[in-house]
>>> print(open('run_27.cif').read())   # mmCIF, C-alpha atoms
data_query
loop_
_atom_site.label_atom_id
_atom_site.label_comp_id
_atom_site.auth_asym_id
_atom_site.auth_seq_id
_atom_site.Cartn_x
_atom_site.Cartn_y
_atom_site.Cartn_z
CA MET A 24 45.38 -42.40 -39.04
CA SER A 25 42.50 -39.99 -38.33
CA GLY A 26 39.23 -40.22 -40.23
CA LEU A 27 37.96 -38.09 -43.07
CA GLU A 28 36.75 -34.81 -41.58
CA SER A 29 37.35 -32.16 -44.24
CA VAL A 30 37.42 -32.20 -48.04
CA LEU A 31 38.16 -29.68 -50.75
CA ILE A 32 36.20 -30.07 -54.00
CA VAL A 33 37.97 -28.40 -56.90
CA GLY A 34 35.38 -28.10 -59.66
CA THR A 35 31.69 -27.73 -58.84
CA GLY A 36 30.18 -29.51 -61.81
CA LEU A 37 27.86 -32.51 -61.65
CA ILE A 38 30.36 -34.96 -60.14
CA GLY A 39 32.15 -32.55 -57.83
CA THR A 40 28.95 -31.12 -56.40
CA SER A 41 27.40 -34.57 -56.04
CA ILE A 42 30.43 -35.74 -54.03
CA ALA A 43 30.14 -32.63 -51.88
CA LEU A 44 26.44 -33.23 -51.21
CA ALA A 45 27.06 -36.89 -50.36
CA LEU A 46 29.85 -36.04 -47.92
CA ARG A 47 27.83 -33.27 -46.30
CA GLU A 48 25.16 -35.82 -45.42
CA HIS A 49 27.79 -37.58 -43.30
CA GLY A 50 28.92 -34.46 -41.49
CA VAL A 51 32.11 -33.91 -43.48
CA THR A 52 33.20 -30.26 -43.75
CA VAL A 53 33.31 -29.45 -47.46
CA HIS A 54 35.18 -26.56 -49.05
CA LEU A 55 34.47 -25.59 -52.67
CA ALA A 56 36.68 -24.03 -55.33
CA ASP A 57 35.89 -23.24 -58.95
CA ARG A 58 37.10 -20.68 -61.48
CA ASP A 59 33.48 -20.37 -62.62
CA ALA A 60 31.99 -18.02 -60.03
CA ALA A 61 28.40 -18.80 -61.06
CA SER A 62 28.90 -22.56 -60.70
CA LEU A 63 30.55 -22.09 -57.32
CA ARG A 64 27.75 -19.85 -56.10
CA LEU A 65 25.06 -22.32 -57.17
CA ALA A 66 26.85 -25.22 -55.48
CA ARG A 67 27.01 -23.20 -52.27
CA GLU A 68 23.31 -22.33 -52.51
CA LEU A 69 22.53 -26.03 -52.92
CA GLY A 70 24.22 -26.69 -49.60
CA ALA A 71 27.28 -28.42 -51.05
CA GLY A 72 29.74 -26.54 -48.84
CA VAL A 73 31.50 -23.24 -48.24
CA GLU A 74 33.93 -21.36 -50.45
CA TRP A 75 37.52 -22.42 -49.85
CA ASP A 76 39.93 -20.08 -48.16
CA GLU A 77 43.25 -20.94 -49.77
CA GLY A 78 44.95 -20.92 -46.38
CA THR A 79 42.74 -23.77 -45.16
CA ARG A 80 44.26 -27.28 -45.22
CA VAL A 81 41.97 -30.29 -45.59
CA ASP A 82 42.23 -34.05 -45.35
CA VAL A 83 41.50 -34.73 -49.03
CA ALA A 84 41.37 -32.58 -52.14
CA VAL A 85 39.12 -33.97 -54.88
CA ILE A 86 40.02 -32.61 -58.32
CA ALA A 87 36.84 -32.66 -60.38
CA ILE A 88 37.92 -30.98 -63.61
CA PRO A 89 38.57 -32.20 -67.20
CA PRO A 90 41.26 -34.90 -67.58
CA HIS A 91 43.82 -32.75 -69.40
CA ALA A 92 43.90 -30.21 -66.53
CA VAL A 93 44.10 -32.60 -63.57
CA ALA A 94 47.88 -32.93 -63.25
CA GLU A 95 48.57 -29.21 -63.45
CA ARG A 96 45.97 -28.49 -60.76
CA LEU A 97 47.37 -31.30 -58.62
CA ALA A 98 50.83 -29.76 -58.83
CA VAL A 99 49.52 -26.34 -57.77
CA LEU A 100 47.53 -27.77 -54.86
CA GLN A 101 50.42 -29.88 -53.61
CA LYS A 102 52.79 -26.93 -53.80
CA ALA A 103 50.33 -24.93 -51.68
CA GLY A 104 49.97 -27.81 -49.18
CA ALA A 105 46.20 -27.75 -49.64
CA ALA A 106 45.57 -31.29 -48.38
CA ARG A 107 47.10 -34.36 -46.82
CA PHE A 108 45.91 -36.50 -49.74
CA TYR A 109 44.63 -35.97 -53.28
CA THR A 110 42.41 -37.70 -55.80
CA ASP A 111 40.57 -36.89 -59.02
CA VAL A 112 37.42 -38.07 -60.77
CA ALA A 113 38.51 -37.90 -64.42
CA SER A 114 37.20 -40.69 -66.63
CA VAL A 115 40.68 -41.47 -67.99
CA LYS A 116 43.63 -42.35 -65.80
CA VAL A 117 46.80 -42.87 -67.87
CA LEU A 118 46.86 -39.25 -69.05
CA PRO A 119 46.67 -37.48 -65.65
CA LEU A 120 48.97 -39.99 -63.95
CA GLY A 121 51.61 -39.71 -66.65
CA ARG A 122 51.47 -35.93 -66.66
CA ALA A 123 51.61 -35.81 -62.85
CA ALA A 124 54.81 -37.85 -62.91
CA GLU A 125 56.30 -35.52 -65.54
CA LEU A 126 55.50 -32.51 -63.36
CA GLY A 127 57.15 -34.09 -60.34
CA CYS A 128 53.96 -34.38 -58.29
CA ASP A 129 54.10 -36.29 -55.03
CA LEU A 130 52.52 -39.61 -56.02
CA THR A 131 52.66 -40.94 -52.46
CA THR A 132 49.69 -38.73 -51.54
CA TYR A 133 47.76 -39.08 -54.81
CA VAL A 134 45.31 -41.84 -55.71
CA ALA A 135 43.68 -41.40 -59.10
CA GLY A 136 39.97 -42.19 -59.10
CA HIS A 137 36.92 -42.40 -61.34
CA PRO A 138 33.32 -42.82 -60.13
CA LEU A 139 31.32 -44.66 -62.79
CA ALA A 140 28.23 -42.52 -62.43
CA GLY A 141 26.73 -39.58 -64.24
CA ARG A 142 23.71 -38.06 -65.94
CA GLU A 143 22.91 -36.57 -69.32
CA ARG A 144 22.65 -33.17 -67.64
CA SER A 145 25.74 -31.36 -66.39
CA GLY A 146 26.55 -28.67 -63.86
CA PRO A 147 25.79 -28.31 -60.15
CA ALA A 148 22.04 -27.99 -60.74
CA ALA A 149 21.98 -31.64 -61.82
CA ALA A 150 23.94 -32.86 -58.78
CA ARG A 151 22.49 -35.46 -56.41
CA ALA A 152 23.77 -36.79 -53.10
CA ASP A 153 22.70 -40.32 -54.11
CA LEU A 154 24.40 -40.28 -57.52
CA PHE A 155 27.03 -42.85 -56.50
CA LEU A 156 24.90 -45.29 -54.51
CA GLY A 157 25.92 -48.82 -55.46
CA ARG A 158 28.01 -47.56 -58.37
CA PRO A 159 31.58 -48.78 -59.01
CA TRP A 160 34.29 -46.25 -58.24
CA ALA A 161 37.68 -47.05 -59.76
CA LEU A 162 40.78 -46.35 -57.67
CA CYS A 163 44.11 -46.53 -59.49
CA PRO A 164 46.93 -46.07 -56.96
CA THR A 165 50.47 -46.22 -58.29
CA GLU A 166 53.21 -48.21 -56.57
CA GLU A 167 54.30 -44.98 -54.89
CA ALA A 168 50.91 -44.33 -53.26
CA SER A 169 51.02 -44.71 -49.49
CA ALA A 170 48.78 -47.15 -47.63
CA ASP A 171 47.24 -44.20 -45.77
CA ALA A 172 46.35 -42.49 -49.06
CA VAL A 173 44.65 -45.61 -50.37
CA GLU A 174 42.82 -46.17 -47.09
CA ILE A 175 41.37 -42.68 -46.90
CA MET A 176 40.20 -42.84 -50.52
CA HIS A 177 38.38 -46.09 -49.78
CA GLY A 178 36.72 -44.24 -46.91
CA LEU A 179 35.68 -41.37 -49.16
CA VAL A 180 34.14 -43.74 -51.69
CA LYS A 181 32.25 -45.54 -48.93
CA LEU A 182 30.84 -42.29 -47.54
CA CYS A 183 29.56 -41.40 -51.01
CA GLY A 184 27.84 -44.79 -51.28
CA GLY A 185 30.09 -46.11 -54.04
CA GLU A 186 31.81 -49.47 -54.38
CA ALA A 187 35.60 -49.08 -54.60
CA VAL A 188 37.27 -51.12 -57.37
CA ARG A 189 41.07 -51.20 -57.37
CA ILE A 190 42.43 -51.38 -60.91
CA GLY A 191 45.53 -50.38 -62.87
CA ALA A 192 45.38 -47.18 -64.91
CA GLU A 193 45.92 -48.82 -68.31
CA GLU A 194 43.43 -51.58 -67.57
CA HIS A 195 40.94 -48.94 -66.43
CA ASP A 196 41.25 -46.95 -69.65
CA ARG A 197 40.80 -50.06 -71.81
CA ALA A 198 37.78 -51.06 -69.74
CA VAL A 199 35.97 -47.71 -69.91
CA ALA A 200 36.63 -47.60 -73.66
CA VAL A 201 34.42 -50.70 -73.92
CA VAL A 202 31.72 -49.91 -71.37
CA SER A 203 31.47 -46.13 -71.56
CA HIS A 204 33.46 -44.16 -74.12
CA ALA A 205 32.86 -46.15 -77.32
CA PRO A 206 29.16 -46.71 -76.47
CA HIS A 207 28.78 -42.93 -76.20
CA VAL A 208 30.20 -42.41 -79.69
CA ALA A 209 28.05 -45.23 -81.05
CA ALA A 210 24.93 -43.70 -79.46
CA SER A 211 25.85 -40.34 -80.96
CA ALA A 212 26.24 -41.91 -84.41
CA VAL A 213 22.73 -43.34 -84.19
CA ALA A 214 21.31 -40.09 -82.79
CA ALA A 215 22.99 -38.13 -85.59
CA ARG A 216 20.82 -40.00 -88.08
CA LEU A 217 17.80 -38.38 -86.41
CA ALA A 218 19.02 -34.83 -87.02
CA ASP A 219 17.80 -34.89 -90.63
CA ALA A 220 15.16 -37.60 -90.29
CA PRO A 221 11.71 -36.74 -91.67
CA ALA A 222 9.01 -35.73 -89.21
CA ALA A 223 7.06 -38.88 -90.02
CA ALA A 224 9.94 -41.02 -88.78
CA LEU A 225 10.31 -39.05 -85.56
CA GLY A 226 6.58 -39.37 -84.98
CA LEU A 227 7.07 -43.13 -84.82
CA ALA A 228 9.93 -42.94 -82.31
CA GLY A 229 9.46 -45.28 -79.38
CA PRO A 230 11.39 -46.48 -76.33
CA GLY A 231 13.89 -48.43 -78.43
CA VAL A 232 15.46 -45.42 -80.10
CA ARG A 233 15.28 -43.46 -76.85
CA ASP A 234 17.17 -46.21 -75.01
CA VAL A 235 19.88 -46.35 -77.68
CA THR A 236 20.36 -42.58 -77.97
CA ARG A 237 19.81 -41.40 -74.37
CA ILE A 238 23.47 -40.76 -73.54
CA ALA A 239 24.02 -38.89 -76.79
CA ALA A 240 22.35 -35.86 -75.20
CA SER A 241 25.41 -35.20 -73.00
CA ASP A 242 27.69 -32.16 -73.35
CA PRO A 243 29.79 -32.53 -76.56
CA ALA A 244 32.61 -30.33 -75.26
CA LEU A 245 32.97 -32.46 -72.13
CA TRP A 246 32.99 -35.66 -74.15
CA THR A 247 35.50 -34.38 -76.68
CA GLY A 248 37.94 -33.93 -73.81
CA ILE A 249 37.22 -37.40 -72.44
CA LEU A 250 37.58 -39.11 -75.80
CA SER A 251 40.80 -37.31 -76.71
CA GLY A 252 42.27 -38.43 -73.40
CA ASN A 253 41.54 -42.09 -74.17
CA ALA A 254 41.80 -41.93 -77.94
CA LEU A 255 43.56 -45.17 -78.90
CA PRO A 256 41.56 -47.61 -76.74
CA VAL A 257 38.32 -45.98 -77.91
CA ALA A 258 39.43 -46.09 -81.55
CA GLU A 259 40.14 -49.83 -81.26
CA VAL A 260 36.65 -50.54 -79.91
CA LEU A 261 34.99 -48.35 -82.52
CA GLU A 262 36.91 -50.09 -85.31
CA ALA A 263 35.60 -53.44 -84.07
CA VAL A 264 32.05 -52.09 -83.89
CA ALA A 265 32.41 -50.58 -87.37
CA ALA A 266 33.58 -53.92 -88.76
CA ASP A 267 30.51 -55.64 -87.32
CA LEU A 268 28.21 -52.98 -88.75
CA ALA A 269 29.89 -53.10 -92.16
CA ALA A 270 29.47 -56.89 -92.29
CA ALA A 271 25.82 -56.56 -91.27
CA ALA A 272 25.21 -53.91 -93.94
CA ALA A 273 26.79 -56.11 -96.61
CA SER A 274 24.59 -59.03 -95.57
CA LEU A 275 21.45 -56.90 -95.59
CA ARG A 276 22.17 -55.79 -99.18
CA SER A 277 21.94 -59.47 -100.07
CA ALA A 278 19.04 -60.22 -97.73
CA ALA A 279 17.16 -62.14 -100.45
CA ASP A 280 19.72 -64.91 -99.95
CA PRO A 281 19.01 -66.58 -96.57
CA ALA A 282 22.66 -67.59 -96.25
CA ALA A 283 23.71 -63.93 -96.44
CA MET A 284 21.79 -63.17 -93.25
CA ALA A 285 23.88 -65.57 -91.19
CA SER A 286 26.32 -62.86 -90.09
CA VAL A 287 23.43 -60.61 -89.01
CA THR A 288 21.90 -63.41 -86.97
CA GLU A 289 25.28 -64.19 -85.43
CA LEU A 290 25.75 -60.52 -84.48
CA LEU A 291 22.30 -60.42 -82.87
CA HIS A 292 23.14 -63.54 -80.84
CA ARG A 293 26.42 -61.98 -79.71
CA GLY A 294 24.47 -58.90 -78.69
CA VAL A 295 22.16 -60.97 -76.51
CA ALA A 296 25.16 -62.71 -74.96
CA GLY A 297 26.90 -59.41 -74.26
CA THR A 298 23.81 -57.86 -72.72
CA GLY A 299 23.47 -60.90 -70.49
CA ARG A 300 26.95 -60.27 -69.06
CA ILE A 301 26.13 -56.78 -67.74
CA PRO A 302 26.13 -57.03 -63.93
CA GLY A 303 22.86 -56.74 -62.07
CA LYS A 304 22.06 -54.20 -59.39
CA HIS A 305 24.63 -53.64 -56.63
CA GLY A 306 27.21 -55.23 -58.93
CA GLY A 307 25.70 -58.69 -58.49
CA PRO A 308 25.16 -61.31 -61.17
CA PRO A 309 22.82 -60.46 -64.05
CA ARG A 310 19.17 -61.00 -63.18
CA ALA A 311 16.32 -61.75 -65.56
CA TYR A 312 13.28 -59.60 -64.76
CA SER A 313 9.77 -59.68 -66.14
CA THR A 314 7.67 -56.63 -66.93
CA VAL A 315 4.16 -55.60 -66.03
CA GLN A 316 2.76 -52.89 -68.30
CA VAL A 317 0.17 -50.50 -66.90
CA ILE A 318 -1.75 -47.70 -68.62
CA ILE A 319 -1.11 -44.55 -66.60
CA GLY A 320 -2.56 -41.05 -66.78
CA ASP A 321 -0.30 -38.06 -67.22
CA ARG A 322 -1.27 -36.57 -63.86
CA PRO A 323 0.57 -35.79 -60.61
CA GLY A 324 0.71 -38.68 -58.16
CA GLU A 325 0.01 -41.52 -60.59
CA LEU A 326 3.38 -43.21 -60.15
CA ALA A 327 3.09 -42.87 -56.37
CA ARG A 328 -0.25 -44.69 -56.50
CA LEU A 329 1.30 -47.48 -58.56
CA PHE A 330 4.16 -47.90 -56.12
CA LYS A 331 1.77 -47.98 -53.15
CA VAL A 332 -0.04 -50.96 -54.65
CA ALA A 333 3.27 -52.76 -55.16
CA GLU A 334 4.32 -51.95 -51.60
CA ALA A 335 1.01 -53.22 -50.21
CA VAL A 336 1.50 -56.65 -51.78
CA GLY A 337 5.22 -56.84 -51.01
CA VAL A 338 6.51 -56.59 -54.59
CA ASN A 339 9.81 -54.78 -55.18
CA ILE A 340 9.91 -52.72 -58.39
CA GLU A 341 13.42 -53.21 -59.77
CA ASP A 342 13.09 -50.61 -62.52
CA VAL A 343 10.43 -48.51 -64.23
CA ARG A 344 10.14 -47.01 -67.70
CA LEU A 345 7.55 -44.60 -69.03
CA GLU A 346 6.30 -44.31 -72.59
CA HIS A 347 3.95 -41.43 -73.39
CA ALA A 348 1.21 -41.83 -75.97
CA PRO A 349 1.53 -39.17 -78.71
CA GLY A 350 -1.29 -36.63 -78.50
CA LEU A 351 -2.97 -38.26 -75.49
CA PRO A 352 -2.81 -37.42 -71.75
CA LEU A 353 -1.71 -40.94 -70.87
CA GLY A 354 1.00 -43.46 -71.45
CA ALA A 355 2.33 -46.82 -70.33
CA ALA A 356 4.41 -47.58 -67.28
CA GLU A 357 6.59 -50.66 -67.62
CA LEU A 358 7.36 -52.10 -64.19
CA TRP A 359 10.31 -54.50 -63.95
CA VAL A 360 9.88 -57.12 -61.23
CA GLN A 361 10.99 -60.62 -60.29
CA PRO A 362 9.24 -63.14 -62.60
CA GLN A 363 7.43 -64.83 -59.72
CA ALA A 364 5.96 -61.49 -58.63
CA VAL A 365 4.12 -60.84 -61.92
CA PRO A 366 0.83 -62.62 -61.05
CA THR A 367 0.65 -61.02 -57.60
CA LEU A 368 1.30 -57.51 -58.83
CA SER A 369 -0.95 -57.84 -61.89
CA GLU A 370 -3.89 -59.06 -59.81
CA ALA A 371 -3.41 -56.32 -57.21
CA LEU A 372 -3.26 -53.60 -59.85
CA ARG A 373 -6.44 -54.80 -61.53
CA GLU A 374 -8.20 -54.90 -58.17
CA HIS A 375 -7.26 -51.26 -57.64
CA GLY A 376 -8.70 -50.20 -60.99
CA TRP A 377 -5.55 -50.09 -63.12
CA HIS A 378 -5.77 -51.14 -66.77
CA LEU A 379 -3.20 -53.70 -67.89
CA PRO A 380 -3.06 -54.19 -71.68
#
>>> encode(input="run_27.cif", output="C-alpha cells")
Amino acid sequence: MSGLESVLIVGTGLIGTSIALALREHGVTVHLADRDAASLRLARELGAGVEWDEGTRVDVAVIAIPPHAVAERLAVLQKAGAARFYTDVASVKVLPLGRAAELGCDLTTYVAGHPLAGRERSGPAAARADLFLGRPWALCPTEEASADAVEIMHGLVKLCGGEAVRIGAEEHDRAVAVVSHAPHVAASAVAARLADAPAAALGLAGPGVRDVTRIAASDPALWTGILSGNALPVAEVLEAVAADLAAAAASLRSAADPAAMASVTELLHRGVAGTGRIPGKHGGPPRAYSTVQVIIGDRPGELARLFKVAEAVGVNIEDVRLEHAPGLPLGAAELWVQPQAVPTLSEALREHGWHLP
C-alpha cells in the first residue's frame, strides 16, 4: 500500500494540533477541521495545516474530539468518503467502538487509538510537535480492522514519535483507569483541600504538594467527559484507593499505639513498590537516579548555563525540577542524573562558581 501522504485532523485542540505539527515536520499534507472557528484559525496560524475542503479525500482522518462524539463523527466522515482510513485519540475506547458498531460504521477502516501524552494546558496554543516523543500510543483494532488500516496507523504513530502499543479496548480502559483517570481524581481531591486552606499553609507549600496536584489544574469539563466514558473502571480504582485512605485515617486516629500504625507503614511500603514499577524513559525498565541541587538565580539564561556545564563534562541530565524561594529572586534547581555522575557534575559546577547546598 502507499505511504501516509495526507491527513485530516478533526478537532484542533491540544492533541489534534500537536499531531498536525508533528506530521507537518515530516512533510505530510495536513488538513484541519473544527466547529470552533477561533481554534481552527489559531491552529492554521501555528502552521499546523490548511483548512479542509470537504471534497478533499485524505489517507487518514484523525478524530480528535471528546469520546462521546467520536462515533457519530466517524459515521459522518465515512459516509462522505473523507479518508481511506480512520482513527481517534479519545482516552477511552470501549465507548466509541461500541457506539460505532451500533451506528453501522465500517470497522475495517477504523483503528481506535489513544496517545498517552498531554499537558495541563489545553487548546492549540499549548500544542507541541514533540508532545508524543517516546510516549506510548495505544492502538485498539477490532477483529474487523484490515491489515492495511493497522499498518498505516503504526506509520502515523511512528511519524509523531510515539511508541505504538497494541491492546484490546476493554484492557485499555481498565489500564488507563489505574494509570491516568483515577490518579487525576485523586490529585483533584488533594488539590480541593487547598481551596479553603489558610494562607499560612499555602505559604509553606513546596514541591511535594505541587507534584501531587499538578494534573488537577486540567480542564474540568474535558475530564468530566473522559471520566463518564470510563466510569466503572475508574470507580473500582477509586474505591480501592478510598479503602486504603480510610484504613490509614483510622490508624492515625490511634497513632499513640505503635501497632495501629502498621497499616500506614504497609501502605507507604506498597507506595514505594508501586512507584518503582513505573517504567523509565523510552519505556525501559525503571532507573534509580540521584539528584544534584544547585542554587540558581531567577534570571534569563541561568538554566542554559547549568546545562552547558553538564554538557562540557559529558553528564546527561535526565530530569530537572525548579523550586523558587518565596520572596527571593532565586531558587533551587534539582538535576536528576545517573548516580555515578554526581561527583563529576558537582565538582564541575563548583569550579564554575555555582553554589551547591
>>> atom_distance(input="run_27.cif", atom1="CA of Trp377 in chain A", atom2="CA of Ile319 in chain A")
7.9 Å
>>> closest_residue(input="run_27.cif", among="A:Val51, A:Ala149, A:Leu255, A:Leu368", to="Lys331 in chain A", atoms="all atoms listed in the file")
A:Leu368
>>> resolve_selection(input="run_27.cif", expression="the PyMOL selection byres ((chain A and resi 212) around 12)", output="PyMOL selection string")
chain A and resi 205-211+213-218+235-240+261+264-265
>>> closest_residue(input="run_27.cif", among="A:Gly354, A:Pro380, A:Gly127, A:Pro302", to="Glu325 in chain A", atoms="all atoms listed in the file")
A:Gly354
>>> residues_around(input="run_27.cif", residues="Asp342 in chain A", least_positions_apart="4", cutoff="8 Å", atoms="only C-alpha atoms", output="ChimeraX atom specification")
/A:358-360
>>> atom_distance(input="run_27.cif", atom1="CA of Pro147 in chain A", atom2="CA of Val73 in chain A")
14.1 Å
>>> resolve_selection(input="run_27.cif", expression="the PyMOL selection byres ((chain A and resi 57) around 9)", output="list in words")
Ile32, Val33, Gly34, Thr35, Gly36, Leu55, Ala56, Arg58, Asp59, Ala60, Ala61, Ser62, Leu63 and Glu74 of chain A
>>> atom_distance(input="run_27.cif", atom1="CA of Glu174 in chain A", atom2="CA of Glu77 in chain A")
25.4 Å
>>> axis_aligned_box(input="run_27.cif", around="range 265-270 of chain A", padding_each_side="6 Å", output="JSON")
{"center_x": 30.9, "center_y": -53.7, "center_z": -89.8, "size_x": 17.4, "size_y": 18.3, "size_z": 17.0}
>>> resolve_selection(input="run_27.cif", expression="the PyMOL selection byres ((chain A and resi 287) around 8)", output="list in words")
Ala270, Ala271, Ser274, Leu275, Met284, Ala285, Ser286, Thr288, Glu289, Leu290 and Leu291 of chain A
>>> write_last_selection(input="run_27.cif", atoms="C-alpha atoms", output="short mmCIF file (atom, residue, chain, number, x, y, z; two decimals), in the frame of the given file")
data_model
loop_
_atom_site.label_atom_id
_atom_site.label_comp_id
_atom_site.auth_asym_id
_atom_site.auth_seq_id
_atom_site.Cartn_x
_atom_site.Cartn_y
_atom_site.Cartn_z
CA ALA A 270 29.47 -56.89 -92.29
CA ALA A 271 25.82 -56.56 -91.27
CA SER A 274 24.59 -59.03 -95.57
CA LEU A 275 21.45 -56.90 -95.59
CA MET A 284 21.79 -63.17 -93.25
CA ALA A 285 23.88 -65.57 -91.19
CA SER A 286 26.32 -62.86 -90.09
CA THR A 288 21.90 -63.41 -86.97
CA GLU A 289 25.28 -64.19 -85.43
CA LEU A 290 25.75 -60.52 -84.48
CA LEU A 291 22.30 -60.42 -82.87
#
>>> decode(input="run_27.cif", residues="range 166-174 of chain A", atoms="all heavy atoms", output="tab-separated table (two decimals), in the first residue's frame")
chain	number	residue	atom	x	y	z
A	166	GLU	N	-11.39	-7.05	15.46
A	166	GLU	CA	-11.12	-8.17	14.56
A	166	GLU	C	-11.45	-7.81	13.11
A	166	GLU	O	-10.85	-8.36	12.18
A	166	GLU	CB	-11.95	-9.38	14.98
A	166	GLU	CG	-11.53	-9.98	16.32
A	166	GLU	CD	-12.34	-11.20	16.69
A	166	GLU	OE1	-13.27	-11.54	15.91
A	166	GLU	OE2	-12.06	-11.82	17.73
A	167	GLU	N	-12.35	-6.85	12.93
A	167	GLU	CA	-12.73	-6.46	11.57
A	167	GLU	C	-11.69	-5.56	10.90
A	167	GLU	O	-11.67	-5.44	9.67
A	167	GLU	CB	-14.07	-5.70	11.59
A	167	GLU	CG	-15.25	-6.56	12.05
A	167	GLU	CD	-15.51	-6.42	13.54
A	167	GLU	OE1	-14.55	-6.12	14.29
A	167	GLU	OE2	-16.67	-6.61	13.95
A	168	ALA	N	-10.85	-4.91	11.67
A	168	ALA	CA	-9.89	-3.95	11.10
A	168	ALA	C	-8.96	-4.63	10.11
A	168	ALA	O	-8.40	-5.70	10.38
A	168	ALA	CB	-9.09	-3.29	12.21
A	169	SER	N	-8.77	-4.00	8.95
A	169	SER	CA	-7.91	-4.58	7.93
A	169	SER	C	-6.44	-4.42	8.30
A	169	SER	O	-6.06	-3.53	9.07
A	169	SER	CB	-8.16	-3.89	6.59
A	169	SER	OG	-7.68	-2.56	6.60
A	170	ALA	N	-5.61	-5.28	7.73
A	170	ALA	CA	-4.17	-5.21	7.97
A	170	ALA	C	-3.61	-3.87	7.47
A	170	ALA	O	-2.71	-3.30	8.09
A	170	ALA	CB	-3.47	-6.38	7.28
A	171	ASP	N	-4.15	-3.37	6.35
A	171	ASP	CA	-3.70	-2.08	5.83
A	171	ASP	C	-4.02	-0.95	6.80
A	171	ASP	O	-3.21	-0.03	6.98
A	171	ASP	CB	-4.36	-1.80	4.48
A	171	ASP	CG	-3.75	-2.62	3.35
A	171	ASP	OD1	-2.70	-3.26	3.59
A	171	ASP	OD2	-4.33	-2.62	2.25
A	172	ALA	N	-5.19	-1.01	7.43
A	172	ALA	CA	-5.57	0.03	8.38
A	172	ALA	C	-4.62	0.04	9.58
A	172	ALA	O	-4.15	1.10	10.01
A	172	ALA	CB	-7.01	-0.18	8.85
A	173	VAL	N	-4.33	-1.15	10.09
A	173	VAL	CA	-3.43	-1.24	11.23
A	173	VAL	C	-2.03	-0.76	10.85
A	173	VAL	O	-1.37	-0.04	11.60
A	173	VAL	CB	-3.37	-2.69	11.76
A	173	VAL	CG1	-2.34	-2.82	12.87
A	173	VAL	CG2	-4.75	-3.13	12.26
A	174	GLU	N	-1.58	-1.14	9.66
A	174	GLU	CA	-0.23	-0.76	9.22
A	174	GLU	C	-0.07	0.75	9.10
A	174	GLU	O	0.92	1.32	9.55
A	174	GLU	CB	0.07	-1.42	7.87
A	174	GLU	CG	1.45	-1.06	7.32
A	174	GLU	CD	1.69	-1.63	5.93
A	174	GLU	OE1	0.94	-2.55	5.52
A	174	GLU	OE2	2.61	-1.15	5.24
